[in-house]
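File shown: coords_27.pdb. Contents: PDB, C-alpha atoms.
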```
ATOM      1  CA  MET A1348     -29.392 -58.687 -25.350  1.00  0.00           C
ATOM      2  CA  ILE A1349     -26.045 -57.992 -26.940  1.00  0.00           C
ATOM      3  CA  THR A1350     -24.769 -60.809 -29.058  1.00  0.00           C
ATOM      4  CA  GLY A1351     -22.426 -61.269 -31.882  1.00  0.00           C
ATOM      5  CA  PRO A1352     -19.050 -59.677 -32.589  1.00  0.00           C
ATOM      6  CA  MET A1353     -20.512 -56.750 -34.571  1.00  0.00           C
ATOM      7  CA  ASN A1354     -22.727 -55.642 -31.708  1.00  0.00           C
ATOM      8  CA  ARG A1355     -19.876 -55.931 -29.217  1.00  0.00           C
ATOM      9  CA  MET A1356     -17.711 -53.891 -31.603  1.00  0.00           C
ATOM     10  CA  ARG A1357     -20.397 -51.187 -31.875  1.00  0.00           C
ATOM     11  CA  ILE A1358     -20.700 -51.011 -28.110  1.00  0.00           C
ATOM     12  CA  ARG A1359     -16.938 -50.663 -27.727  1.00  0.00           C
ATOM     13  CA  ILE A1360     -16.920 -47.853 -30.275  1.00  0.00           C
ATOM     14  CA  LEU A1361     -19.832 -46.109 -28.550  1.00  0.00           C
ATOM     15  CA  LEU A1362     -18.162 -46.448 -25.148  1.00  0.00           C
ATOM     16  CA  GLY A1363     -14.906 -45.126 -26.583  1.00  0.00           C
ATOM     17  CA  CYS A1364     -16.707 -42.129 -28.094  1.00  0.00           C
ATOM     18  CA  ALA A1365     -18.504 -41.468 -24.818  1.00  0.00           C
ATOM     19  CA  ALA A1366     -15.208 -41.587 -22.923  1.00  0.00           C
ATOM     20  CA  MET A1367     -13.618 -39.147 -25.384  1.00  0.00           C
ATOM     21  CA  MET A1368     -16.572 -36.777 -24.990  1.00  0.00           C
ATOM     22  CA  LEU A1369     -16.231 -36.885 -21.202  1.00  0.00           C
ATOM     23  CA  VAL A1370     -12.510 -36.150 -21.382  1.00  0.00           C
ATOM     24  CA  SER A1371     -13.031 -33.205 -23.738  1.00  0.00           C
ATOM     25  CA  PHE A1372     -15.921 -31.928 -21.581  1.00  0.00           C
ATOM     26  CA  ASP A1373     -13.710 -32.130 -18.486  1.00  0.00           C
ATOM     27  CA  ALA A1374     -10.888 -30.253 -20.273  1.00  0.00           C
ATOM     28  CA  GLY A1375     -13.379 -27.587 -21.347  1.00  0.00           C
ATOM     29  CA  ALA A1376     -14.750 -27.325 -17.815  1.00  0.00           C
ATOM     30  CA  ALA A1377     -11.225 -26.916 -16.439  1.00  0.00           C
ATOM     31  CA  ALA A1378     -10.529 -24.112 -18.923  1.00  0.00           C
ATOM     32  CA  SER A1379     -13.806 -22.433 -17.939  1.00  0.00           C
ATOM     33  CA  ARG A1380     -12.918 -22.673 -14.243  1.00  0.00           C
ATOM     34  CA  GLN A1381      -9.511 -21.135 -14.926  1.00  0.00           C
ATOM     35  CA  GLU A1382     -11.046 -18.310 -16.965  1.00  0.00           C
ATOM     36  CA  LEU A1383     -13.582 -17.656 -14.212  1.00  0.00           C
ATOM     37  CA  SER A1384     -10.799 -17.699 -11.639  1.00  0.00           C
ATOM     38  CA  GLN A1385      -8.820 -15.163 -13.673  1.00  0.00           C
ATOM     39  CA  ARG A1386     -11.834 -12.839 -13.830  1.00  0.00           C
ATOM     40  CA  TRP A1387     -12.346 -13.026 -10.065  1.00  0.00           C
ATOM     41  CA  LEU A1388      -8.595 -12.508  -9.579  1.00  0.00           C
ATOM     42  CA  SER A1389      -8.688  -9.384 -11.728  1.00  0.00           C
ATOM     43  CA  SER A1390     -11.607  -8.015  -9.750  1.00  0.00           C
ATOM     44  CA  GLY A1391     -10.015  -8.911  -6.413  1.00  0.00           C
ATOM     45  CA  ARG A1392      -6.677  -7.383  -7.358  1.00  0.00           C
ATOM     46  CA  ALA A1393      -8.382  -4.145  -8.429  1.00  0.00           C
ATOM     47  CA  GLN A1394     -10.371  -4.022  -5.192  1.00  0.00           C
ATOM     48  CA  THR A1395      -7.226  -4.646  -3.144  1.00  0.00           C
ATOM     49  CA  VAL A1396      -5.377  -1.837  -4.897  1.00  0.00           C
ATOM     50  CA  ALA A1397      -8.398   0.431  -4.308  1.00  0.00           C
ATOM     51  CA  GLY A1398      -8.349  -0.434  -0.604  1.00  0.00           C
ATOM     52  CA  ASN A1399     -11.652  -2.328  -0.632  1.00  0.00           C
ATOM     53  CA  HIS A1400     -10.229  -5.320   1.182  1.00  0.00           C
ATOM     54  CA  LEU A1401     -13.487  -6.983   2.268  1.00  0.00           C
ATOM     55  CA  VAL A1402     -14.820  -6.929  -1.300  1.00  0.00           C
ATOM     56  CA  ALA A1403     -11.413  -8.043  -2.564  1.00  0.00           C
ATOM     57  CA  ARG A1404     -11.337 -10.937  -0.123  1.00  0.00           C
ATOM     58  CA  LYS A1405     -14.699 -12.229  -1.355  1.00  0.00           C
ATOM     59  CA  SER A1406     -13.651 -11.963  -5.012  1.00  0.00           C
ATOM     60  CA  LEU A1407     -10.333 -13.664  -4.372  1.00  0.00           C
ATOM     61  CA  GLU A1408     -11.985 -16.462  -2.402  1.00  0.00           C
ATOM     62  CA  LYS A1409     -14.251 -17.039  -5.418  1.00  0.00           C
ATOM     63  CA  ALA A1410     -11.179 -17.133  -7.664  1.00  0.00           C
ATOM     64  CA  ILE A1411      -9.674 -19.843  -5.479  1.00  0.00           C
ATOM     65  CA  VAL A1412     -12.894 -21.862  -5.394  1.00  0.00           C
ATOM     66  CA  ALA A1413     -12.942 -21.759  -9.201  1.00  0.00           C
ATOM     67  CA  ASP A1414      -9.256 -22.739  -9.418  1.00  0.00           C
ATOM     68  CA  PRO A1415      -7.513 -23.801  -6.188  1.00  0.00           C
ATOM     69  CA  ALA A1416      -4.159 -23.767  -8.029  1.00  0.00           C
ATOM     70  CA  ASN A1417      -4.348 -20.035  -8.809  1.00  0.00           C
ATOM     71  CA  ALA A1418      -1.228 -18.964  -6.933  1.00  0.00           C
ATOM     72  CA  LEU A1419      -1.683 -15.274  -7.727  1.00  0.00           C
ATOM     73  CA  ALA A1420      -5.218 -15.318  -6.312  1.00  0.00           C
ATOM     74  CA  LEU A1421      -3.856 -16.975  -3.180  1.00  0.00           C
ATOM     75  CA  ALA A1422      -1.117 -14.350  -2.861  1.00  0.00           C
ATOM     76  CA  TRP A1423      -3.508 -11.430  -3.416  1.00  0.00           C
ATOM     77  CA  LEU A1424      -5.835 -12.961  -0.828  1.00  0.00           C
ATOM     78  CA  GLY A1425      -2.848 -12.970   1.507  1.00  0.00           C
ATOM     79  CA  VAL A1426      -2.392  -9.240   0.854  1.00  0.00           C
ATOM     80  CA  SER A1427      -6.060  -8.520   1.543  1.00  0.00           C
ATOM     81  CA  CYS A1428      -6.016 -10.562   4.741  1.00  0.00           C
ATOM     82  CA  GLN A1429      -2.900  -8.730   5.868  1.00  0.00           C
ATOM     83  CA  LYS A1430      -4.536  -5.354   5.186  1.00  0.00           C
ATOM     84  CA  LEU A1431      -7.589  -6.502   7.164  1.00  0.00           C
ATOM     85  CA  GLY A1432      -5.326  -7.320  10.121  1.00  0.00           C
ATOM     86  CA  ASP A1433      -5.594 -11.090   9.818  1.00  0.00           C
ATOM     87  CA  ALA A1434      -1.893 -11.937   9.874  1.00  0.00           C
ATOM     88  CA  GLU A1435      -2.501 -15.635  10.493  1.00  0.00           C
ATOM     89  CA  ALA A1436      -4.717 -16.025   7.406  1.00  0.00           C
ATOM     90  CA  ALA A1437      -2.327 -13.891   5.350  1.00  0.00           C
ATOM     91  CA  ALA A1438       0.621 -16.123   6.269  1.00  0.00           C
ATOM     92  CA  LYS A1439      -1.437 -19.215   5.424  1.00  0.00           C
ATOM     93  CA  TYR A1440      -2.392 -17.934   1.969  1.00  0.00           C
ATOM     94  CA  PHE A1441       1.163 -16.866   1.144  1.00  0.00           C
ATOM     95  CA  ARG A1442       2.453 -20.265   2.265  1.00  0.00           C
ATOM     96  CA  ILE A1443      -0.090 -22.083   0.081  1.00  0.00           C
ATOM     97  CA  ALA A1444       0.644 -19.806  -2.901  1.00  0.00           C
ATOM     98  CA  LEU A1445       4.346 -20.630  -2.588  1.00  0.00           C
ATOM     99  CA  GLU A1446       3.554 -24.352  -2.361  1.00  0.00           C
ATOM    100  CA  VAL A1447       1.411 -24.147  -5.504  1.00  0.00           C
ATOM    101  CA  GLU A1448       3.978 -22.178  -7.523  1.00  0.00           C
ATOM    102  CA  PRO A1449       7.311 -22.047  -5.697  1.00  0.00           C
ATOM    103  CA  ASP A1450       9.083 -20.504  -8.701  1.00  0.00           C
ATOM    104  CA  ASN A1451       6.543 -17.764  -9.441  1.00  0.00           C
ATOM    105  CA  ARG A1452       8.618 -14.604  -8.991  1.00  0.00           C
ATOM    106  CA  THR A1453       5.579 -12.393  -8.435  1.00  0.00           C
ATOM    107  CA  VAL A1454       4.279 -14.661  -5.677  1.00  0.00           C
ATOM    108  CA  VAL A1455       7.709 -14.803  -4.021  1.00  0.00           C
ATOM    109  CA  LEU A1456       7.971 -11.002  -4.194  1.00  0.00           C
ATOM    110  CA  MET A1457       4.486 -10.511  -2.736  1.00  0.00           C
ATOM    111  CA  ALA A1458       5.248 -12.920   0.106  1.00  0.00           C
ATOM    112  CA  GLY A1459       8.556 -11.150   0.749  1.00  0.00           C
ATOM    113  CA  LYS A1460       6.844  -7.760   0.848  1.00  0.00           C
ATOM    114  CA  ALA A1461       4.370  -9.136   3.373  1.00  0.00           C
ATOM    115  CA  ASP A1462       7.271 -10.420   5.473  1.00  0.00           C
ATOM    116  CA  VAL A1463       8.884  -6.977   5.464  1.00  0.00           C
ATOM    117  CA  SER A1464       5.588  -5.311   6.419  1.00  0.00           C
ATOM    118  CA  ALA A1465       5.177  -7.767   9.285  1.00  0.00           C
ATOM    119  CA  GLY A1466       8.761  -7.205  10.441  1.00  0.00           C
ATOM    120  CA  GLU A1467       9.715 -10.786   9.580  1.00  0.00           C
ATOM    121  CA  MET A1468      13.060  -9.810   8.129  1.00  0.00           C
ATOM    122  CA  ALA A1469      14.621 -13.293   8.239  1.00  0.00           C
ATOM    123  CA  ASP A1470      11.715 -14.654   6.204  1.00  0.00           C
ATOM    124  CA  ALA A1471      11.953 -11.706   3.800  1.00  0.00           C
ATOM    125  CA  LYS A1472      15.661 -12.437   3.319  1.00  0.00           C
ATOM    126  CA  ASP A1473      14.818 -16.079   2.569  1.00  0.00           C
ATOM    127  CA  LYS A1474      12.430 -14.878  -0.146  1.00  0.00           C
ATOM    128  CA  LEU A1475      15.150 -12.558  -1.459  1.00  0.00           C
ATOM    129  CA  ALA A1476      17.567 -15.490  -1.676  1.00  0.00           C
ATOM    130  CA  ARG A1477      14.909 -17.488  -3.536  1.00  0.00           C
ATOM    131  CA  LEU A1478      14.437 -14.645  -6.024  1.00  0.00           C
ATOM    132  CA  GLN A1479      18.191 -14.406  -6.538  1.00  0.00           C
ATOM    133  CA  ARG A1480      18.265 -18.133  -7.350  1.00  0.00           C
ATOM    134  CA  LEU A1481      15.276 -17.802  -9.684  1.00  0.00           C
ATOM    135  CA  CYS A1482      16.268 -14.759 -11.683  1.00  0.00           C
ATOM    136  CA  GLY A1483      19.529 -13.287 -10.421  1.00  0.00           C
ATOM    137  CA  ALA A1484      20.386 -10.042  -8.693  1.00  0.00           C
ATOM    138  CA  ALA A1485      19.460  -7.821 -11.628  1.00  0.00           C
ATOM    139  CA  CYS A1486      15.813  -8.880 -12.059  1.00  0.00           C
ATOM    140  CA  PRO A1487      13.190  -6.309 -11.008  1.00  0.00           C
ATOM    141  CA  GLU A1488      11.614  -8.550  -8.340  1.00  0.00           C
ATOM    142  CA  THR A1489      14.959  -9.152  -6.635  1.00  0.00           C
ATOM    143  CA  GLN A1490      15.857  -5.473  -6.731  1.00  0.00           C
ATOM    144  CA  GLU A1491      12.466  -4.387  -5.365  1.00  0.00           C
ATOM    145  CA  LEU A1492      12.563  -6.799  -2.435  1.00  0.00           C
ATOM    146  CA  ASP A1493      16.204  -5.967  -1.732  1.00  0.00           C
ATOM    147  CA  GLN A1494      15.325  -2.260  -1.513  1.00  0.00           C
ATOM    148  CA  LEU A1495      12.387  -2.936   0.794  1.00  0.00           C
ATOM    149  CA  ILE A1496      14.533  -5.038   3.094  1.00  0.00           C
ATOM    150  CA  ALA A1497      17.210  -2.329   3.155  1.00  0.00           C
ATOM    151  CA  ALA A1498      14.575   0.281   4.073  1.00  0.00           C
ATOM    152  CA  GLY A1499      13.386  -1.853   6.969  1.00  0.00           C
ATOM    153  CA  PRO A1500      10.070  -3.128   8.284  1.00  0.00           C
ATOM    154  CA  GLY A1501       6.837  -1.204   7.866  1.00  0.00           C
ATOM    155  CA  LYS A1502       8.170   0.938   5.008  1.00  0.00           C
TER     156      LYS A1502
END
```
Write the structure described by the file as structure tokens, please.
Amino acid sequence: MITGPMNRMRIRILLGCAAMMLVSFDAGAAASRQELSQRWLSSGRAQTVAGNHLVARKSLEKAIVADPANALALAWLGVSCQKLGDAEAAAKYFRIALEVEPDNRTVVLMAGKADVSAGEMADAKDKLARLQRLCGAACPETQELDQLIAAGPGK
């Protein structure tokens, strides 16, 4: 039985310490999940570039499970899905990536490139306008998407 002010004080201190340990453990776990997500992203990106889209898709899905807010993993998964012919999934992953990080220039560029490849020129122009608002006409992402749009779909 807990009685007396000293015992109640000790219990409060112990509970406070336990709460602090849980918070620091949770912060450490979050950092570990983000690091794991970055490793899977790196693997998935390399596999996508190498043309191994099924392997890339699995790696990128693992990156997203580890950190659902990894916008780059979502965008690269969109690229892999597009290369695998799953336009519906690709559009979904690009949309989610843009919701997670609407001002990430790389994500906007990747989504715009996908729009151009799919012949969705109005959507690509919307992404171009977003890039112009984010970083101006002279930034590399804006220039790259502008050139792709000028060249036309499928280029």
Compile a residue-level contact table for region 1379-1467 of chain A against region 1482-1485 of chain A at a cut-off of 12 Å, reporting for every qualifying residue the shortest atom pair and its distance in Å to one decimal, with only C-alpha atoms counted, rows ordered by chain and ascending number, as a Markdown table.
```
| residue | atom | partner | partner_atom | distance |
| --- | --- | --- | --- | --- |
| A:Asp1450 | CA | A:Cys1482 | CA | 9.7 |
| A:Asn1451 | CA | A:Cys1482 | CA | 10.4 |
| A:Arg1452 | CA | A:Cys1482 | CA | 8.1 |
| A:Thr1453 | CA | A:Cys1482 | CA | 11.4 |
| A:Val1455 | CA | A:Cys1482 | CA | 11.5 |
| A:Leu1456 | CA | A:Cys1482 | CA | 11.8 |
```
CA of Asp1470 (chain A) to CA of Val1454 (chain A), distance in Å rounded to a single decimal: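 Separating CA of Asp1470 (chain A) from CA of Val1454 (chain A) is a distance of 14.0 Å.
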Near-Ala1497 (chain A) list (10 Å; all atoms listed in the file; drop same-chain fewer than 6 positions) as a PDB file with C-alpha atoms, in the coordinates of the input:
```pdb
ATOM      1  CA  VAL A1463       8.884  -6.977   5.464  1.00  0.00           C
ATOM      2  CA  MET A1468      13.060  -9.810   8.129  1.00  0.00           C
ATOM      3  CA  GLU A1491      12.466  -4.387  -5.365  1.00  0.00           C
TER       4      GLU A1491
END
```
I'd like the contact shell of Ser1390 (chain A) - 10 Å cut-off, all atoms listed in the file, skipping same-chain residues fewer than 3 positions apart - returned as a PDB file with C-alpha atoms, in the frame of the given file.
```
ATOM      1  CA  SER A1384     -10.799 -17.699 -11.639  1.00  0.00           C
ATOM      2  CA  GLN A1385      -8.820 -15.163 -13.673  1.00  0.00           C
ATOM      3  CA  ARG A1386     -11.834 -12.839 -13.830  1.00  0.00           C
ATOM      4  CA  TRP A1387     -12.346 -13.026 -10.065  1.00  0.00           C
ATOM      5  CA  ALA A1393      -8.382  -4.145  -8.429  1.00  0.00           C
ATOM      6  CA  GLN A1394     -10.371  -4.022  -5.192  1.00  0.00           C
ATOM      7  CA  THR A1395      -7.226  -4.646  -3.144  1.00  0.00           C
ATOM      8  CA  VAL A1402     -14.820  -6.929  -1.300  1.00  0.00           C
ATOM      9  CA  ALA A1403     -11.413  -8.043  -2.564  1.00  0.00           C
ATOM     10  CA  LYS A1405     -14.699 -12.229  -1.355  1.00  0.00           C
ATOM     11  CA  SER A1406     -13.651 -11.963  -5.012  1.00  0.00           C
ATOM     12  CA  LEU A1407     -10.333 -13.664  -4.372  1.00  0.00           C
ATOM     13  CA  ALA A1410     -11.179 -17.133  -7.664  1.00  0.00           C
TER      14      ALA A1410
END
```
Find the nearest atom pair between each residue of region 1377-1431 of chain A and region 1436-1440 of chain A for residues within 12 Å, count all atoms listed in the file, give distances in Å to one decimal, sort rows by chain and ascending number, and present the table as CSV.
```
residue,atom,partner,partner_atom,distance
A:Arg1404,CA,A:Ala1437,CA,10.9
A:Leu1407,CA,A:Tyr1440,CA,11.0
A:Glu1408,CA,A:Tyr1440,CA,10.6
A:Ile1411,CA,A:Tyr1440,CA,10.6
A:Pro1415,CA,A:Tyr1440,CA,11.3
A:Ala1416,CA,A:Tyr1440,CA,11.7
A:Asn1417,CA,A:Tyr1440,CA,11.2
A:Ala1418,CA,A:Tyr1440,CA,9.0
A:Leu1419,CA,A:Tyr1440,CA,10.1
A:Ala1420,CA,A:Tyr1440,CA,9.1
A:Leu1421,CA,A:Tyr1440,CA,5.4
A:Ala1422,CA,A:Tyr1440,CA,6.1
A:Trp1423,CA,A:Tyr1440,CA,8.5
A:Leu1424,CA,A:Tyr1440,CA,6.7
A:Gly1425,CA,A:Ala1437,CA,4.0
A:Val1426,CA,A:Ala1437,CA,6.5
A:Ser1427,CA,A:Ala1437,CA,7.6
A:Cys1428,CA,A:Ala1437,CA,5.0
A:Gln1429,CA,A:Ala1437,CA,5.2
A:Lys1430,CA,A:Ala1437,CA,8.8
A:Leu1431,CA,A:Ala1437,CA,9.3
```
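Distance annotation: of A:Lys1460, A:Ala1465, A:Arg1477, A:Glu1382, the residue with the minimal separation from Ile1496 (chain A) is A:Lys1460; atom set is all atoms listed in the file.
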Ranking A:Leu1475, A:Ala1444, A:Pro1449, A:Ala1434 by minimum distance to Glu1488 (chain A) and counting only C-alpha atoms, which one comes first?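 Closest residue, counting only C-alpha atoms: A:Leu1475.
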For CA of Gln1490 (chain A) and CA of Leu1445 (chain A), determine how far apart the two atoms are, in Å to one decimal place.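 We find that CA of Gln1490 (chain A) and CA of Leu1445 (chain A) lie 19.5 Å from each other.
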In Å to one decimal, how far is CA of Gln1494 (chain A) from CA of Lys1474 (chain A)?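 Between CA of Lys1474 (chain A) and CA of Gln1494 (chain A) the gap works out to 13.0 Å.
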In file coordinates, which residues lie within 6 Å of (5.9, -12.4, 6.2) using all atoms listed in the file, given as a PyMOL selection string? chain A and resi 1461-1462+1465+1467
